[in-house]
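Structure file start_3.pdb with PDB, C-alpha atoms and all ligand atoms:
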```pdb
MODEL        1
ATOM      1  CA  MET A 816     102.589  97.531  45.556  1.00  0.00           C
ATOM      2  CA  GLY A 817      98.868  97.887  45.156  1.00  0.00           C
ATOM      3  CA  HIS A 818      98.376  95.076  42.698  1.00  0.00           C
ATOM      4  CA  HIS A 819      95.611  92.935  44.089  1.00  0.00           C
ATOM      5  CA  PRO A 820      96.228  93.342  47.801  1.00  0.00           C
ATOM      6  CA  PRO A 821      94.308  91.219  50.313  1.00  0.00           C
ATOM      7  CA  ARG A 822      91.378  92.834  52.130  1.00  0.00           C
ATOM      8  CA  TYR A 823      93.027  91.534  55.273  1.00  0.00           C
ATOM      9  CA  ALA A 824      95.562  88.824  55.985  1.00  0.00           C
ATOM     10  CA  GLY A 825      93.879  85.512  55.235  1.00  0.00           C
ATOM     11  CA  GLY A 826      91.009  87.252  53.451  1.00  0.00           C
ATOM     12  CA  PRO A 827      90.003  87.614  49.797  1.00  0.00           C
ATOM     13  CA  CYS A 828      91.655  89.810  47.189  1.00  0.00           C
ATOM     14  CA  PHE A 829      90.629  93.451  47.459  1.00  0.00           C
ATOM     15  CA  VAL A 830      90.379  93.836  43.678  1.00  0.00           C
ATOM     16  CA  CYS A 831      88.924  90.622  42.284  1.00  0.00           C
ATOM     17  CA  ASN A 832      87.522  89.160  45.505  1.00  0.00           C
ATOM     18  CA  LYS A 833      89.101  85.764  44.881  1.00  0.00           C
ATOM     19  CA  PRO A 834      90.916  83.909  47.651  1.00  0.00           C
ATOM     20  CA  TRP A 835      94.246  85.653  48.172  1.00  0.00           C
ATOM     21  CA  PRO A 836      96.810  85.474  46.731  1.00  0.00           C
ATOM     22  CA  CYS A 837      94.763  85.374  43.539  1.00  0.00           C
ATOM     23  CA  PHE A 838      96.322  84.334  40.249  1.00  0.00           C
ATOM     24  CA  GLU A 839      96.949  87.950  39.248  1.00  0.00           C
ATOM     25  CA  ARG A 840      98.778  88.589  42.509  1.00  0.00           C
ATOM     26  CA  GLN A 841     100.829  85.436  42.116  1.00  0.00           C
ATOM     27  CA  LEU A 842     101.887  86.591  38.660  1.00  0.00           C
ATOM     28  CA  ALA A 843     102.694  90.096  39.936  1.00  0.00           C
ATOM     29  CA  SER A 844     104.733  88.593  42.756  1.00  0.00           C
ATOM     30  CA  LEU A 845     106.719  86.463  40.329  1.00  0.00           C
ATOM     31  CA  VAL A 846     107.659  89.633  38.460  1.00  0.00           C
ATOM     32  CA  GLU A 847     108.336  91.643  41.594  1.00  0.00           C
ATOM     33  CA  PHE A 848     110.550  88.967  43.123  1.00  0.00           C
ATOM     34  CA  ALA A 849     112.156  87.783  39.898  1.00  0.00           C
ATOM     35  CA  GLY A 850     115.519  86.228  40.701  1.00  0.00           C
ATOM     36  CA  ARG A 851     114.830  86.416  44.429  1.00  0.00           C
ATOM     37  CA  GLY A 852     112.785  83.282  44.900  1.00  0.00           C
ATOM     38  CA  SER A 853     113.798  82.681  48.489  1.00  0.00           C
ATOM     39  CA  LEU A 854     112.651  86.200  49.398  1.00  0.00           C
ATOM     40  CA  LEU A 855     109.306  85.529  47.778  1.00  0.00           C
ATOM     41  CA  VAL A 856     108.966  82.323  49.781  1.00  0.00           C
ATOM     42  CA  ALA A 857     109.712  84.214  52.999  1.00  0.00           C
ATOM     43  CA  TYR A 858     107.246  86.942  51.981  1.00  0.00           C
ATOM     44  CA  MET A 859     104.438  84.517  51.251  1.00  0.00           C
ATOM     45  CA  GLY A 860     105.318  82.544  54.353  1.00  0.00           C
ATOM     46  CA  ASP A 861     104.778  85.674  56.418  1.00  0.00           C
ATOM     47  CA  TRP A 862     101.434  86.352  54.736  1.00  0.00           C
ATOM     48  CA  HIS A 863     100.386  82.777  55.344  1.00  0.00           C
ATOM     49  CA  ARG A 864     101.242  82.943  59.037  1.00  0.00           C
ATOM     50  CA  LEU A 865      99.528  86.313  59.415  1.00  0.00           C
ATOM     51  CA  GLY A 866      96.515  85.006  57.538  1.00  0.00           C
ATOM     52  CA  VAL A 867      96.125  82.019  59.832  1.00  0.00           C
ATOM     53  CA  GLU A 868      96.370  84.291  62.867  1.00  0.00           C
ATOM     54  CA  GLU A 869      93.995  86.897  61.463  1.00  0.00           C
ATOM     55  CA  ARG A 870      91.342  84.349  60.518  1.00  0.00           C
ATOM     56  CA  GLU A 871      91.552  82.929  64.003  1.00  0.00           C
ATOM     57  CA  ARG A 872      91.223  86.402  65.482  1.00  0.00           C
ATOM     58  CA  ARG A 873      88.144  87.065  63.365  1.00  0.00           C
ATOM     59  CA  GLY A 874      86.587  83.750  64.263  1.00  0.00           C
ATOM     60  CA  LEU A 875      86.723  82.547  60.660  1.00  0.00           C
ATOM     61  CA  PRO A 876      87.066  78.839  59.904  1.00  0.00           C
ATOM     62  CA  PHE A 877      90.510  77.460  59.128  1.00  0.00           C
ATOM     63  CA  ASP A 878      91.117  77.512  55.377  1.00  0.00           C
ATOM     64  CA  PRO A 879      92.848  74.257  54.424  1.00  0.00           C
ATOM     65  CA  GLU A 880      93.786  75.600  50.982  1.00  0.00           C
ATOM     66  CA  MET A 881      95.549  78.643  52.317  1.00  0.00           C
ATOM     67  CA  GLU A 882      98.969  77.046  52.550  1.00  0.00           C
ATOM     68  CA  LEU A 883      98.722  75.699  49.016  1.00  0.00           C
ATOM     69  CA  ARG A 884      97.589  79.086  47.727  1.00  0.00           C
ATOM     70  CA  HIS A 885     100.397  80.977  49.437  1.00  0.00           C
ATOM     71  CA  LEU A 886     103.232  78.495  49.170  1.00  0.00           C
ATOM     72  CA  GLY A 887     102.216  75.564  46.988  1.00  0.00           C
ATOM     73  CA  TRP A 888     103.150  77.261  43.717  1.00  0.00           C
ATOM     74  CA  LEU A 889     106.507  78.618  44.845  1.00  0.00           C
ATOM     75  CA  ASP A 890     108.578  75.586  43.995  1.00  0.00           C
ATOM     76  CA  MET A 891     108.559  76.945  40.439  1.00  0.00           C
ATOM     77  CA  VAL A 892     110.584  79.970  41.519  1.00  0.00           C
ATOM     78  CA  LEU A 893     113.149  78.091  43.560  1.00  0.00           C
ATOM     79  CA  PRO A 894     116.154  76.266  42.177  1.00  0.00           C
ATOM     80  CA  ALA A 895     115.861  72.531  42.684  1.00  0.00           C
ATOM     81  CA  GLN A 896     117.437  71.660  45.975  1.00  0.00           C
ATOM     82  CA  GLY A 897     116.712  67.985  46.382  1.00  0.00           C
ATOM     83  CA  GLU A 898     114.828  67.024  49.483  1.00  0.00           C
ATOM     84  CA  ARG A 899     115.430  70.151  51.466  1.00  0.00           C
ATOM     85  CA  ARG A 900     112.354  71.176  53.416  1.00  0.00           C
ATOM     86  CA  SER A 901     111.764  73.631  56.199  1.00  0.00           C
ATOM     87  CA  GLY A 902     109.303  72.825  58.880  1.00  0.00           C
ATOM     88  CA  ASP A 903     110.433  73.337  62.424  1.00  0.00           C
ATOM     89  CA  GLY A 904     110.245  76.699  63.922  1.00  0.00           C
TER      90      GLY A 904
HETATM   91 ZN    ZN A1001      93.032  89.714  42.767  1.00  0.00          ZN
ENDMDL
END
```
I'd like the structure from this file rewritten - as structure tokens, please.
Amino acid sequence: MGHHPPRYAGGPCFVCNKPWPCFERQLASLVEFAGRGSLLVAYMGDWHRLGVEERERRGLPFDPEMELRHLGWLDMVLPAQGERRSGDG
């Protein structure tokens, strides 16, 4: 680890100061989780949930692009599975 970590969950990248996960971190995650796409989805899902909570705790505005940034690009790492979607929790 240590490649472009977030300053805090839901915050900007510690290294390049872009919204996290930045492009560099997304690339690093693809390498780190190569062949384990569902793990990567769970990992980013956790970060997304933590980020929403942390921003709330800090009184920061809701970031509507956070879900897309954490999870929107992950369909490229998952095998096509038709219409399957998760949503209820
Ligand atoms: Zn970065």
* Enumerate as a list in words the residues within 12 Å of ligand ZN 1001 (chain A), counting all atoms listed in the file. =>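 Sorted by chain and then by number, the residues are Gly817, His818, His819, Pro820, Pro821, Arg822, Gly826, Pro827, Cys828, Phe829, Val830, Cys831, Asn832, Lys833, Pro834, Trp835, Pro836, Cys837, Phe838, Glu839, Arg840, Gln841, Leu842, Ala843 and Ser844 of chain A.
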* For region 885-890 of chain A: contacts at 7 Å, all atoms listed in the file, fewer than 6 positions along chain excluded, given as a list of chain:residue names ->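 Here the qualifying residues turn out to be A:Pro836, A:Val856, A:Met859, A:Gly860, A:His863.
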* Asked: Could you name the residues that touch Gly825 (chain A) at 7 Å or less, counting all atoms listed in the file, but leaving out those on the same chain fewer than 5 positions away, as an NGL selection string?
  -> :A and (866-867 or 869-870)
* Asked: Between A:Leu855, A:Leu845, A:Gly850, A:Glu868, which one has atoms that come closest to Ala824 (chain A), using all atoms listed in the file?
  ->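 That would be A:Glu868, the residue with the smallest distance to Ala824 (chain A).
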* By how many Å are CA of Arg851 (chain A) and CA of Met881 (chain A) apart? -> 22.2 Å
* What does the distance between CA of Glu871 (chain A) and CA of Arg884 (chain A) come to in Å, to one decimal place? ->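 Going from CA of Glu871 (chain A) over to CA of Arg884 (chain A) covers 17.8 Å.
Between CA of Asp878 (chain A) and CA of Tyr858 (chain A) the interatomic distance comes to 19.0 Å.
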